[in-house]
Each structure stands twice: as C-alpha cells, then as structure tokens.
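Here's run.cif, which has mmCIF, C-alpha atoms:
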data_target
loop_
_atom_site.label_atom_id
_atom_site.label_comp_id
_atom_site.auth_asym_id
_atom_site.auth_seq_id
_atom_site.Cartn_x
_atom_site.Cartn_y
_atom_site.Cartn_z
CA MET J 1 -7.84 -15.73 -14.16
CA THR J 2 -6.46 -16.60 -17.61
CA GLU J 3 -3.14 -18.05 -18.78
CA HIS J 4 -0.93 -17.09 -21.73
CA GLY J 5 2.61 -17.34 -23.14
CA PRO J 6 6.07 -16.02 -22.19
CA LEU J 7 7.19 -12.40 -21.78
CA SER J 8 7.95 -12.02 -25.48
CA ASP J 9 4.25 -12.45 -26.25
CA LEU J 10 3.23 -9.52 -24.04
CA GLN J 11 2.52 -6.07 -25.45
CA THR J 12 4.56 -3.45 -23.65
CA PRO J 13 4.43 -1.57 -21.41
CA THR J 14 2.75 -3.99 -19.04
CA LEU J 15 2.84 -4.84 -15.35
CA LEU J 16 4.61 -7.94 -14.04
CA LEU J 17 4.17 -9.54 -10.63
CA ASP J 18 6.64 -12.09 -9.29
CA GLU J 19 4.40 -14.45 -7.30
CA SER J 20 7.25 -16.10 -5.39
CA ARG J 21 8.56 -12.77 -4.11
CA MET J 22 5.04 -11.62 -3.28
CA ARG J 23 4.30 -14.73 -1.21
CA ARG J 24 7.66 -14.46 0.53
CA ASN J 25 6.92 -10.85 1.47
CA ILE J 26 3.48 -11.78 2.78
CA GLN J 27 4.81 -14.63 4.91
CA ARG J 28 7.61 -12.50 6.34
CA LEU J 29 5.25 -9.93 7.86
CA GLU J 30 2.62 -12.46 8.91
CA THR J 31 5.25 -14.36 10.87
CA HIS J 32 6.63 -11.21 12.49
CA VAL J 33 3.29 -9.75 13.58
CA SER J 34 1.77 -13.00 14.81
CA GLY J 35 4.96 -13.64 16.76
CA LYS J 36 4.34 -10.39 18.63
CA GLY J 37 0.79 -11.45 19.55
CA ALA J 38 -1.16 -9.17 17.22
CA LEU J 39 -3.43 -9.67 14.24
CA LEU J 40 -2.33 -8.51 10.78
CA ARG J 41 -4.93 -6.48 8.88
CA PRO J 42 -3.48 -6.15 5.34
CA HIS J 43 -4.13 -2.96 3.41
CA LEU J 44 -5.47 -3.73 -0.07
CA LYS J 45 -5.09 -0.22 -1.54
CA THR J 46 -2.02 -1.15 -3.60
CA ALA J 47 -3.25 -4.58 -4.64
CA LYS J 48 -6.76 -3.69 -5.85
CA SER J 49 -7.10 -7.31 -6.95
CA ILE J 50 -9.27 -10.16 -5.72
CA ASP J 51 -6.54 -12.65 -6.66
CA VAL J 52 -3.94 -10.83 -4.55
CA ALA J 53 -6.46 -10.55 -1.71
CA LYS J 54 -6.91 -14.32 -1.77
CA ALA J 55 -3.18 -14.72 -1.25
CA LEU J 56 -3.22 -12.20 1.60
CA LEU J 57 -6.34 -12.98 3.60
CA ALA J 58 -6.88 -16.15 5.61
CA GLY J 59 -9.86 -17.88 4.05
CA GLY J 60 -10.35 -14.83 1.85
CA THR J 61 -12.69 -13.22 4.38
CA GLY J 62 -10.45 -10.72 6.14
CA PRO J 63 -9.58 -8.78 8.15
CA ALA J 64 -8.62 -6.14 5.58
CA THR J 65 -8.03 -2.41 5.20
CA VAL J 66 -9.07 -0.28 2.20
CA SER J 67 -8.64 3.33 1.15
CA THR J 68 -11.67 3.71 -1.14
CA LEU J 69 -15.29 2.63 -0.93
CA ALA J 70 -14.88 1.14 -4.41
CA GLU J 71 -12.34 -1.23 -2.87
CA ALA J 72 -14.74 -2.01 -0.03
CA GLU J 73 -17.53 -2.81 -2.49
CA VAL J 74 -15.41 -5.07 -4.72
CA PHE J 75 -13.81 -6.98 -1.85
CA ALA J 76 -17.07 -7.29 0.06
CA ALA J 77 -18.73 -8.75 -3.04
CA ALA J 78 -15.85 -11.25 -3.23
CA GLY J 79 -16.53 -12.44 0.32
CA VAL J 80 -14.34 -10.21 2.52
CA ARG J 81 -16.39 -9.73 5.67
CA ASP J 82 -14.22 -7.54 7.91
CA ILE J 83 -12.98 -4.24 6.44
CA VAL J 84 -11.73 -0.93 7.82
CA TYR J 85 -12.17 2.05 5.47
CA ALA J 86 -9.07 3.94 6.60
CA VAL J 87 -9.74 7.42 5.21
CA GLY J 88 -11.63 9.99 7.26
CA ILE J 89 -15.34 9.59 6.63
CA THR J 90 -17.57 12.31 5.19
CA PRO J 91 -21.36 12.54 5.65
CA GLN J 92 -21.95 12.08 1.91
CA LYS J 93 -20.39 8.60 1.97
CA LEU J 94 -22.30 7.17 4.92
CA ARG J 95 -25.31 5.90 2.97
CA ARG J 96 -22.90 3.94 0.76
CA VAL J 97 -21.20 2.59 3.88
CA ALA J 98 -24.56 1.47 5.28
CA GLU J 99 -25.41 -0.26 1.99
CA ILE J 100 -22.14 -2.22 2.03
CA ARG J 101 -22.80 -3.24 5.61
CA GLU J 102 -26.33 -4.28 4.70
CA ARG J 103 -24.87 -6.77 2.22
CA GLY J 104 -23.12 -8.62 5.04
CA CYS J 105 -19.74 -6.91 5.38
CA ASP J 106 -18.64 -5.55 8.76
CA LEU J 107 -17.31 -2.28 7.33
CA SER J 108 -16.04 0.27 9.84
CA VAL J 109 -15.05 3.90 9.28
CA ILE J 110 -12.54 6.26 10.87
CA LEU J 111 -12.92 9.84 12.07
CA ASP J 112 -11.22 12.49 14.17
CA SER J 113 -13.89 15.10 14.95
CA ALA J 114 -17.15 15.56 16.81
CA GLU J 115 -18.73 16.68 13.54
CA GLN J 116 -17.94 13.37 11.88
CA ALA J 117 -19.04 11.42 14.96
CA ARG J 118 -22.44 13.12 14.94
CA ALA J 119 -22.81 12.37 11.23
CA VAL J 120 -22.05 8.67 11.80
CA SER J 121 -24.52 8.54 14.69
CA GLU J 122 -27.22 10.17 12.56
CA ALA J 123 -26.56 7.84 9.63
CA SER J 124 -26.75 4.89 12.04
CA ARG J 125 -30.09 6.13 13.34
CA GLN J 126 -31.44 6.49 9.80
CA ALA J 127 -30.19 3.03 8.82
CA GLY J 128 -31.60 1.46 11.96
CA LYS J 129 -28.25 -0.24 12.62
CA SER J 130 -25.04 0.95 14.24
CA ILE J 131 -22.12 1.91 11.99
CA PRO J 132 -18.83 1.16 13.78
CA ALA J 133 -16.18 3.86 13.90
CA LEU J 134 -12.57 4.05 15.06
CA ILE J 135 -11.12 7.30 16.30
CA GLU J 136 -8.05 8.29 14.30
CA LEU J 137 -5.06 9.38 16.36
CA ASP J 138 -2.14 11.65 15.48
CA CYS J 139 0.98 9.87 16.76
CA ASP J 140 3.61 11.84 14.83
CA GLY J 141 2.19 14.98 13.21
CA HIS J 142 2.08 13.28 9.84
CA ARG J 143 -1.48 13.95 8.75
CA SER J 144 -4.87 13.53 10.42
CA GLY J 145 -6.00 12.47 13.87
CA ILE J 146 -6.60 13.56 17.45
CA ASP J 147 -3.67 13.86 19.82
CA PRO J 148 -4.00 11.01 22.35
CA GLY J 149 -3.91 13.53 25.21
CA ASP J 150 -6.56 15.86 23.75
CA PRO J 151 -9.86 16.00 25.72
CA ALA J 152 -11.60 15.86 22.33
CA LEU J 153 -10.80 12.13 22.27
CA VAL J 154 -13.31 11.36 25.02
CA GLU J 155 -15.81 13.87 23.62
CA VAL J 156 -15.80 12.14 20.22
CA GLY J 157 -15.98 8.75 21.92
CA ARG J 158 -19.05 9.75 23.91
CA ILE J 159 -20.87 11.06 20.84
CA LEU J 160 -20.41 7.68 19.18
CA ASP J 161 -21.14 5.56 22.25
CA GLU J 162 -24.15 7.51 23.47
CA GLY J 163 -25.60 7.97 20.00
CA ALA J 164 -26.72 5.35 17.51
CA ALA J 165 -23.21 4.51 16.29
CA GLU J 166 -20.64 2.06 17.71
CA LEU J 167 -17.29 3.09 19.18
CA ARG J 168 -15.10 0.32 17.78
CA GLY J 169 -11.72 1.59 19.02
CA VAL J 170 -8.71 3.70 17.99
CA LEU J 171 -6.43 3.71 14.96
CA THR J 172 -3.15 5.43 14.13
CA HIS J 173 -0.59 5.50 11.32
CA ALA J 174 3.07 6.50 11.77
CA GLY J 175 3.46 8.03 8.33
CA GLU J 176 6.56 9.95 9.37
CA SER J 177 8.38 6.61 9.57
CA TYR J 178 8.80 6.97 5.80
CA GLU J 179 11.09 9.94 6.44
CA VAL J 180 13.74 7.98 8.35
CA SER J 181 15.94 5.06 7.40
CA GLY J 182 17.00 1.86 9.09
CA HIS J 183 15.55 -0.72 11.45
CA GLU J 184 16.41 1.16 14.64
CA ALA J 185 14.75 4.39 13.51
CA HIS J 186 11.67 2.52 12.33
CA SER J 187 11.54 0.62 15.62
CA ASP J 188 11.49 3.95 17.49
CA PHE J 189 8.55 5.10 15.38
CA ALA J 190 6.78 1.78 15.98
CA GLU J 191 7.05 2.28 19.73
CA ARG J 192 5.82 5.88 19.41
CA GLU J 193 2.87 4.56 17.41
CA ARG J 194 2.13 1.85 19.99
CA ARG J 195 2.33 4.20 22.98
CA ALA J 196 -0.03 6.70 21.37
CA ALA J 197 -2.63 4.07 20.57
CA VAL J 198 -2.41 2.35 23.97
CA LEU J 199 -2.62 5.68 25.83
CA ALA J 200 -5.74 6.64 23.87
CA ALA J 201 -7.34 3.26 24.51
CA GLU J 202 -6.65 3.54 28.24
CA THR J 203 -8.06 7.06 28.30
CA LEU J 204 -11.30 5.94 26.68
CA ARG J 205 -11.65 2.95 28.97
CA SER J 206 -10.98 5.09 32.05
CA ALA J 207 -13.86 7.30 30.92
CA GLY J 208 -16.15 4.27 30.85
CA LEU J 209 -16.07 3.94 27.08
CA PRO J 210 -15.39 0.76 25.09
CA CYS J 211 -12.20 0.36 23.07
CA PRO J 212 -11.97 -3.22 21.80
CA VAL J 213 -9.73 -2.41 18.81
CA VAL J 214 -6.29 -0.81 19.09
CA SER J 215 -4.98 -0.54 15.53
CA VAL J 216 -1.53 0.64 14.42
CA GLY J 217 0.50 0.34 11.29
CA SER J 218 2.69 1.39 8.42
CA THR J 219 4.95 -0.86 6.37
CA PRO J 220 8.18 0.39 8.04
CA THR J 221 6.84 0.21 11.62
CA ALA J 222 5.06 -3.10 11.09
CA HIS J 223 8.35 -4.76 10.19
CA ALA J 224 10.35 -3.05 12.93
CA ALA J 225 7.95 -3.32 15.88
CA GLN J 226 9.61 -4.94 18.89
CA ASP J 227 6.70 -4.70 21.33
CA LEU J 228 2.99 -4.80 20.49
CA THR J 229 1.67 -4.98 24.04
CA GLY J 230 -1.80 -3.46 24.16
CA VAL J 231 -2.16 -3.50 20.36
CA THR J 232 -4.81 -5.74 18.82
CA GLU J 233 -3.96 -5.34 15.13
CA VAL J 234 -1.30 -4.08 12.71
CA ARG J 235 -2.00 -2.62 9.28
CA ALA J 236 0.39 -2.47 6.30
CA GLY J 237 0.01 -2.57 2.54
CA VAL J 238 2.94 -1.98 0.21
CA TYR J 239 4.92 -4.79 1.88
CA VAL J 240 3.14 -7.24 -0.43
CA PHE J 241 5.07 -5.84 -3.42
CA PHE J 242 7.68 -3.46 -1.97
CA ASP J 243 9.40 -0.83 -4.15
CA LEU J 244 12.56 1.24 -4.51
CA PHE J 245 11.43 3.74 -1.90
CA GLN J 246 11.03 1.02 0.74
CA ALA J 247 14.41 -0.43 -0.25
CA GLY J 248 15.92 3.04 0.07
CA ILE J 249 14.82 3.38 3.69
CA GLY J 250 15.98 -0.10 4.57
CA VAL J 251 12.68 -1.96 4.96
CA CYS J 252 13.47 -4.41 2.16
CA THR J 253 16.14 -5.24 -0.42
CA ILE J 254 16.01 -4.82 -4.18
CA ASP J 255 15.55 -8.59 -4.39
CA ASP J 256 12.27 -8.33 -2.43
CA ILE J 257 10.56 -6.08 -5.00
CA ALA J 258 7.83 -8.16 -6.62
CA LEU J 259 6.48 -5.61 -9.13
CA SER J 260 8.08 -4.43 -12.35
CA VAL J 261 7.06 -2.84 -15.62
CA LEU J 262 7.99 -4.75 -18.76
CA THR J 263 9.08 -2.36 -21.50
CA THR J 264 10.75 -2.49 -24.92
CA VAL J 265 13.67 -0.50 -26.32
CA VAL J 266 12.30 1.61 -29.19
CA GLY J 267 15.33 3.78 -30.02
CA HIS J 268 18.58 5.47 -29.02
CA GLN J 269 20.21 8.87 -28.71
CA ARG J 270 23.77 7.55 -28.59
CA ASP J 271 25.46 10.95 -28.42
CA LYS J 272 23.49 11.67 -25.23
CA GLY J 273 23.91 8.21 -23.76
CA TRP J 274 20.16 7.58 -23.89
CA ILE J 275 18.14 4.44 -24.52
CA ILE J 276 14.49 5.14 -25.36
CA THR J 277 11.75 2.77 -24.19
CA ASP J 278 7.98 2.60 -24.59
CA ALA J 279 7.30 3.00 -20.84
CA GLY J 280 6.80 6.67 -20.01
CA TRP J 281 5.22 8.26 -16.96
CA MET J 282 1.81 6.89 -17.93
CA ALA J 283 3.28 3.46 -17.14
CA LEU J 284 5.87 4.24 -14.46
CA SER J 285 4.18 7.23 -12.75
CA GLN J 286 6.02 10.48 -12.06
CA ASP J 287 6.96 9.59 -8.49
CA LYS J 288 10.58 10.54 -7.73
CA GLY J 289 10.39 9.61 -4.08
CA THR J 290 13.99 8.39 -3.88
CA SER J 291 15.40 11.77 -4.94
CA ARG J 292 15.99 12.70 -1.28
CA GLN J 293 17.47 9.31 -0.39
CA GLN J 294 21.11 8.28 -0.40
CA VAL J 295 20.63 6.59 -3.80
CA ASP J 296 18.41 8.38 -6.31
CA GLN J 297 16.71 5.78 -8.49
CA GLY J 298 15.16 8.34 -10.84
CA LEU J 299 11.87 6.99 -12.17
CA GLY J 300 12.90 3.36 -11.85
CA LEU J 301 15.77 0.88 -11.78
CA VAL J 302 16.39 -1.00 -15.06
CA CYS J 303 16.68 -4.80 -15.10
CA ASP J 304 17.10 -7.47 -17.76
CA PRO J 305 14.09 -9.70 -18.61
CA SER J 306 14.99 -12.10 -15.77
CA GLY J 307 14.79 -9.26 -13.26
CA LYS J 308 18.54 -8.83 -12.69
CA PRO J 309 19.43 -5.11 -12.36
CA TYR J 310 21.92 -3.57 -14.78
CA SER J 311 24.76 -1.70 -13.12
CA ASP J 312 23.56 1.83 -12.31
CA LEU J 313 21.03 1.93 -15.17
CA ILE J 314 17.94 3.98 -14.34
CA VAL J 315 15.08 5.84 -16.01
CA ILE J 316 16.38 9.40 -15.77
CA LYS J 317 13.26 11.08 -17.15
CA ALA J 318 10.05 10.31 -18.99
CA ASN J 319 7.46 11.75 -21.29
CA GLN J 320 3.91 10.44 -21.49
CA GLU J 321 4.76 7.31 -23.50
CA HIS J 322 8.57 7.41 -23.64
CA GLY J 323 11.09 6.51 -20.97
CA ILE J 324 14.67 7.75 -21.19
CA VAL J 325 17.15 5.27 -19.76
CA SER J 326 20.73 6.19 -18.96
CA VAL J 327 23.54 5.47 -16.56
CA ARG J 328 23.01 7.04 -13.16
CA PRO J 329 24.67 10.50 -12.96
CA GLY J 330 28.12 10.23 -11.41
CA SER J 331 28.50 6.52 -12.15
CA SER J 332 31.46 5.09 -14.04
CA SER J 333 29.41 2.16 -15.37
CA ALA J 334 29.20 1.72 -19.12
CA LEU J 335 25.95 2.03 -21.00
CA PRO J 336 25.00 -1.51 -22.13
CA GLU J 337 24.31 -2.25 -25.78
CA LEU J 338 20.55 -2.80 -25.92
CA PRO J 339 19.21 -3.03 -29.51
CA VAL J 340 15.74 -1.95 -30.57
CA GLY J 341 13.29 -4.66 -29.52
CA THR J 342 15.17 -5.57 -26.32
CA LEU J 343 12.86 -6.28 -23.38
CA LEU J 344 13.64 -4.61 -20.05
CA ARG J 345 12.02 -4.63 -16.63
CA ILE J 346 11.73 -1.42 -14.60
CA LEU J 347 11.46 -1.68 -10.81
CA PRO J 348 9.05 0.99 -9.49
CA VAL J 349 9.88 3.84 -7.16
CA HIS J 350 6.37 3.67 -5.67
CA ALA J 351 4.45 0.43 -6.18
CA CYS J 352 1.04 2.00 -5.50
CA ALA J 353 1.49 4.73 -8.10
CA THR J 354 2.91 2.40 -10.75
CA ALA J 355 0.38 -0.41 -10.30
CA GLY J 356 -2.42 2.15 -10.53
CA ASN J 357 -1.60 2.69 -14.21
CA PHE J 358 -2.54 -0.87 -15.21
CA GLY J 359 -5.66 -3.02 -15.39
CA VAL J 360 -3.97 -6.40 -14.92
CA TYR J 361 -1.04 -8.12 -13.31
CA ASN J 362 0.89 -10.48 -15.57
CA VAL J 363 1.91 -12.97 -12.92
CA LEU J 364 5.23 -14.81 -13.05
CA PRO J 365 4.04 -17.89 -11.15
CA ALA J 366 5.76 -19.64 -8.29
CA GLY J 367 7.27 -22.89 -9.58
CA SER J 368 9.01 -23.67 -12.85
CA GLY J 369 7.31 -24.74 -16.07
CA VAL J 370 4.06 -22.93 -15.23
CA SER J 371 2.45 -20.50 -17.68
CA LEU J 372 2.04 -16.82 -16.94
CA LYS J 373 -1.22 -15.92 -15.24
CA THR J 374 -3.34 -12.79 -15.52
CA TRP J 375 -4.85 -11.30 -12.39
CA GLN J 376 -7.32 -8.45 -12.83
CA ARG J 377 -6.95 -5.09 -11.09
CA PHE J 378 -9.60 -2.42 -10.62
CA SER J 379 -9.55 1.29 -9.89
CA GLY J 380 -11.78 4.20 -8.94
CA TRP J 381 -13.32 5.56 -5.75
#

Would you mind writing the structure in this file as structure tokens?
Amino acid sequence: MTEHGPLSDLQTPTLLLDESRMRRNIQRLETHVSGKGALLRPHLKTAKSIDVAKALLAGGTGPATVSTLAEAEVFAAAGVRDIVYAVGITPQKLRRVAEIRERGCDLSVILDSAEQARAVSEASRQAGKSIPALIELDCDGHRSGIDPGDPALVEVGRILDEGAAELRGVLTHAGESYEVSGHEAHSDFAERERRAAVLAAETLRSAGLPCPVVSVGSTPTAHAAQDLTGVTEVRAGVYVFFDLFQAGIGVCTIDDIALSVLTTVVGHQRDKGWIITDAGWMALSQDKGTSRQQVDQGLGLVCDPSGKPYSDLIVIKANQEHGIVSVRPGSSSALPELPVGTLLRILPVHACATAGNFGVYNVLPAGSGVSLKTWQRFSGW
C-alpha cells in the first residue's frame, strides 16, 4: 500500500474508493446477518484486492467466497483459509483445486450433476485427500442448480459421500431477486431461497447423508432476510461497494455507493448539449443495467469532485476512451458549465464491471487530513 497526493494529482480516468462508505456498508450487513444467527461469507469477486479482503474478513482468514481460481490462489496466499469457489466445477480445474488445498486452504467447490460429483471423487482419490463439495440448488430458475425436490439431489450426494470426496452441504443463489424492487419483494425472495436450501438439507439428512453447511445469498436477499432458521451462512459481494443498479432496486441509496471513476472534461459539443470526458467504456464498462429500471442512469451518474451528484447529469453514451455527458433525457435541469480540465466523478451502474477495468483503487481514507492510499487489484481466471 502506497500513499500520494490529492485528486488533482491523479491521472484520469482512475478508480476511487470511499473507505468510510465501504466500511459502513460492510458493518451494515455484518450486523444484520449476525443478528439473524448466521455467518456472513463475503464474496470477493468484486473486490479482487487483499486490502479490501482485510477490511471484510475477521482476522483476514475467512470465510470467503470467490468466483475464479485466480482469486482463490491470491487470497489463499494472503492467509485466507476458508474459501468456497462458487462457480460450477469442471474436471480440468480439479488438480488446481487440490494444489490450493495442499497449501493449507480449505477450498470447497460446487456442483449440480452426477458427472461433476464423480469427477470430484476421482480427483480426491488421485490426490489422496477429500475435496469438499457443496451441491448447488436452483431456488428460482435463475441459472444453475438442482431443484430441491429432484431425486438427483440424493444421487449426487451419495456419489460424493460414498466416494473419495466430501459432501460439505448445499448452496443456492436467488439471482432473480435482482429483477424485483423493494424490501418486501427481496424479503420474499430471501424466504424462497431459505426454504429451498433447508428443504434440500433435510432431504439429504433424511437419506442418511451429511449436510453441515446450508449456504444462501445474494446482495438483495442478504439485506432483506427476515428469517434464517436452518441456514448456516449467507453470501453477498457487491454490498461492499454498491452501485446504481442496487440503488435502483432499493437495496441501497446513492449515498451508499463507495466506488466512482474520476474523469476529466476534455471538450464540449455545446450545440448538442454534450460534455466530453476521458472516461469511455474502457473505464466505465458498457453495462446499462438500469435501462429497465424506473430511473435510467445511462452509463453512470455524474458527480462533482466531492462526490455530490449534479442534477440529472449522466453519461448518455461512450466510445472506447470518450464519455459523453448530458442532461438525462426528459429532464428540465440545465447543463452545468464545466470547463476543460474540470474533474468529475462517475458513479458506476455495475461495480463489478467498472472495477474490473482498473488495476488499483485510489482510496479516499476514513478520517480527515489523511493522504490518499493505493490498494492493488488483480484480475484473471
């Protein structure tokens, strides 16, 4: 971690992280989940940073969730000892999984088929040590997983338990909660998620199979869960930073968003009502996830250097290295006078996609009179 001067010394575009907001977001979910009697297993896929992980993980050792084996390797090397790799496992990756485990990290995998279960059992036999696996459940038709009532659940469990692998438990993700808005709707999805996971766990146990871990989670359902009876852990990731999409579905407010892209005004097309910046889609991403929401934030909401949003000023479109800023269509707000050289901050539509374009976080530290910090990010699979 290094330290350097104020925002005006930074080359744009660059990524900013408000540490105070980040820590507030972390504490909010920790308090909620622990109050419901469950363990929080943060997802590190957005962060991809050892420094952020230190802020998230008690003692820096876990538990944690990752979405790439590159993440598992980096965090394991930094001392994280309890990790779930939450993307369906393939046979080609199992030797790498075994190697990470051999270095002292309790890395578990997820799967939803007999084919995968046999591969994990065979890899465990070859390694001479059990590789733990969680069975992925489909609780809402969003993506992958076994229906909790499908007989295949017990079949897959038996392959793991009777083979050389370890049946660690069940895991589900209510991804469809991103398609609804408001606390009540997210609470309904959280209960659907919980019921699916608990039903599957009871089914496995009734069949004489172990199911010590019952894992649920998405950022919307984690915040809205009212009852976590039968659940052992909750996973969430983007809550650390939040973004305009999460604000648009009512999980957070604009003031909770901890990430922004610092950019500079490089020109104008005054007859079109455009302000041109040096942050194009290579910096902001091309995610337009709010386009179906009540308020379309384009490719990002424009703020002044302190982080205060301008009235209805958004990035309406972008080229590779140019962002086009204008007043939101249909708004009566006036275009502000922003001369060439003016610094702006753009709040991201999707924190994961935006952060992935940068190699460092320029951290606005908690507390006044403290220099900016640089926290490294990494990427890859």

Mind checking which residues fall within 10 Å of Gln293 (chain J), counting all atoms listed in the file, ignoring those fewer than 4 positions away in the same chain, and posting them as a VMD selection string?
-> chain J and resid 179 to 181 245 248 to 249 289 297

Name the residues captured by the PyMOL selection byres ((chain J and resi 361) around 10) when it is applied to the shown file; answer as a PyMOL selection string.
-> chain J and resi 14-18+47+49+51-52+259-261+355+358-360+362-364+372-377

Just the selected residues (C-alpha atoms), exported as a tab-separated table (two decimals), in the frame of the given file, please.
chain	number	residue	atom	x	y	z
J	14	THR	CA	2.75	-3.99	-19.04
J	15	LEU	CA	2.84	-4.84	-15.35
J	16	LEU	CA	4.61	-7.94	-14.04
J	17	LEU	CA	4.17	-9.54	-10.63
J	18	ASP	CA	6.64	-12.09	-9.29
J	47	ALA	CA	-3.25	-4.58	-4.64
J	49	SER	CA	-7.10	-7.31	-6.95
J	51	ASP	CA	-6.54	-12.65	-6.66
J	52	VAL	CA	-3.94	-10.83	-4.55
J	259	LEU	CA	6.48	-5.61	-9.13
J	260	SER	CA	8.08	-4.43	-12.35
J	261	VAL	CA	7.06	-2.84	-15.62
J	355	ALA	CA	0.38	-0.41	-10.30
J	358	PHE	CA	-2.54	-0.87	-15.21
J	359	GLY	CA	-5.66	-3.02	-15.39
J	360	VAL	CA	-3.97	-6.40	-14.92
J	362	ASN	CA	0.89	-10.48	-15.57
J	363	VAL	CA	1.91	-12.97	-12.92
J	364	LEU	CA	5.23	-14.81	-13.05
J	372	LEU	CA	2.04	-16.82	-16.94
J	373	LYS	CA	-1.22	-15.92	-15.24
J	374	THR	CA	-3.34	-12.79	-15.52
J	375	TRP	CA	-4.85	-11.30	-12.39
J	376	GLN	CA	-7.32	-8.45	-12.83
J	377	ARG	CA	-6.95	-5.09	-11.09

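We find CA of Glu176 (chain J) and CA of Asp140 (chain J) to be spaced 6.5 Å apart.
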
One-decimal distance in Å that lies between CA of Thr65 (chain J) and CA of Val154 (chain J) |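 Computed distance, CA of Val154 (chain J) to CA of Thr65 (chain J), equals 24.7 Å.
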
Result set, the PyMOL selection byres ((chain J and resi 160) around 12) on current file, as a VMD selection string = chain J and resid 109 to 125 130 to 135 153 to 159 161 to 169 204 209 to 211

Just-selected residues, C-alpha atoms written as a PDB file, in the frame of the given file:
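Output file selection11.pdb is given in full below:
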ATOM      1  CA  VAL J 109     -15.050   3.900   9.280  1.00  0.00           C
ATOM      2  CA  ILE J 110     -12.540   6.260  10.870  1.00  0.00           C
ATOM      3  CA  LEU J 111     -12.920   9.840  12.070  1.00  0.00           C
ATOM      4  CA  ASP J 112     -11.220  12.490  14.170  1.00  0.00           C
ATOM      5  CA  SER J 113     -13.890  15.100  14.950  1.00  0.00           C
ATOM      6  CA  ALA J 114     -17.150  15.560  16.810  1.00  0.00           C
ATOM      7  CA  GLU J 115     -18.730  16.680  13.540  1.00  0.00           C
ATOM      8  CA  GLN J 116     -17.940  13.370  11.880  1.00  0.00           C
ATOM      9  CA  ALA J 117     -19.040  11.420  14.960  1.00  0.00           C
ATOM     10  CA  ARG J 118     -22.440  13.120  14.940  1.00  0.00           C
ATOM     11  CA  ALA J 119     -22.810  12.370  11.230  1.00  0.00           C
ATOM     12  CA  VAL J 120     -22.050   8.670  11.800  1.00  0.00           C
ATOM     13  CA  SER J 121     -24.520   8.540  14.690  1.00  0.00           C
ATOM     14  CA  GLU J 122     -27.220  10.170  12.560  1.00  0.00           C
ATOM     15  CA  ALA J 123     -26.560   7.840   9.630  1.00  0.00           C
ATOM     16  CA  SER J 124     -26.750   4.890  12.040  1.00  0.00           C
ATOM     17  CA  ARG J 125     -30.090   6.130  13.340  1.00  0.00           C
ATOM     18  CA  SER J 130     -25.040   0.950  14.240  1.00  0.00           C
ATOM     19  CA  ILE J 131     -22.120   1.910  11.990  1.00  0.00           C
ATOM     20  CA  PRO J 132     -18.830   1.160  13.780  1.00  0.00           C
ATOM     21  CA  ALA J 133     -16.180   3.860  13.900  1.00  0.00           C
ATOM     22  CA  LEU J 134     -12.570   4.050  15.060  1.00  0.00           C
ATOM     23  CA  ILE J 135     -11.120   7.300  16.300  1.00  0.00           C
ATOM     24  CA  LEU J 153     -10.800  12.130  22.270  1.00  0.00           C
ATOM     25  CA  VAL J 154     -13.310  11.360  25.020  1.00  0.00           C
ATOM     26  CA  GLU J 155     -15.810  13.870  23.620  1.00  0.00           C
ATOM     27  CA  VAL J 156     -15.800  12.140  20.220  1.00  0.00           C
ATOM     28  CA  GLY J 157     -15.980   8.750  21.920  1.00  0.00           C
ATOM     29  CA  ARG J 158     -19.050   9.750  23.910  1.00  0.00           C
ATOM     30  CA  ILE J 159     -20.870  11.060  20.840  1.00  0.00           C
ATOM     31  CA  ASP J 161     -21.140   5.560  22.250  1.00  0.00           C
ATOM     32  CA  GLU J 162     -24.150   7.510  23.470  1.00  0.00           C
ATOM     33  CA  GLY J 163     -25.600   7.970  20.000  1.00  0.00           C
ATOM     34  CA  ALA J 164     -26.720   5.350  17.510  1.00  0.00           C
ATOM     35  CA  ALA J 165     -23.210   4.510  16.290  1.00  0.00           C
ATOM     36  CA  GLU J 166     -20.640   2.060  17.710  1.00  0.00           C
ATOM     37  CA  LEU J 167     -17.290   3.090  19.180  1.00  0.00           C
ATOM     38  CA  ARG J 168     -15.100   0.320  17.780  1.00  0.00           C
ATOM     39  CA  GLY J 169     -11.720   1.590  19.020  1.00  0.00           C
ATOM     40  CA  LEU J 204     -11.300   5.940  26.680  1.00  0.00           C
ATOM     41  CA  LEU J 209     -16.070   3.940  27.080  1.00  0.00           C
ATOM     42  CA  PRO J 210     -15.390   0.760  25.090  1.00  0.00           C
ATOM     43  CA  CYS J 211     -12.200   0.360  23.070  1.00  0.00           C
TER      44      CYS J 211
END

Which residues fall under the PyMOL selection byres ((chain J and resi 221-228) around 7) in this file, as a PyMOL selection string?
-> chain J and resi 29+36+38+177+183+186-187+189-191+194+217-220+229-231+234+236

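In this structure, CA of Gly367 (chain J) sits 23.7 Å away from CA of Ala351 (chain J).
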
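If only C-alpha atoms are the atoms counted, then among J:Val327, J:Ser333, J:Thr232, J:Ser311 the closest residue to Ser34 (chain J) is J:Thr232.
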
May I ask which of the residues J:Ser332, J:Ser20, J:Ser371, J:Thr277 is the closest one to Gln320 (chain J), counting all atoms listed in the file?
->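 With all atoms listed in the file as the atom set, the closest residue is J:Thr277.
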
With distances taken over only C-alpha atoms, which of J:Thr253, J:Gly380, J:Arg192, J:Val370 is nearest to Glu71 (chain J)?
-> J:Gly380

J:Val302, J:Val315, J:Leu137, J:Ala58: which is nearest Arg345 (chain J), counting all atoms listed in the file?
->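 Closest residue, counting all atoms listed in the file: J:Val302.
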
Using all atoms listed in the file, which of J:Cys105, J:Ile275, J:Leu343, J:Ile83 sits nearest Gln11 (chain J)?
-> J:Leu343

Sorted by chain and rising residue number, list the residues of region 74-144 of chain J at most 6 Å from region 67-70 of chain J (counting only C-alpha atoms), each with its closest atom pair and distance in Å to one decimal, as CSV.
residue,atom,partner,partner_atom,distance
J:Tyr85,CA,J:Ser67,CA,5.7
J:Ala86,CA,J:Ser67,CA,5.5
J:Val87,CA,J:Ser67,CA,5.9

Same residues, C-alpha atoms, output as an mmCIF file, in the coordinates of the input:
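The resulting file, out-v9.cif, is shown below:
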data_model
loop_
_atom_site.group_PDB
_atom_site.id
_atom_site.type_symbol
_atom_site.label_atom_id
_atom_site.label_comp_id
_atom_site.auth_asym_id
_atom_site.auth_seq_id
_atom_site.Cartn_x
_atom_site.Cartn_y
_atom_site.Cartn_z
ATOM 1 C CA TYR J 85 -12.170 2.050 5.470
ATOM 2 C CA ALA J 86 -9.070 3.940 6.600
ATOM 3 C CA VAL J 87 -9.740 7.420 5.210
#
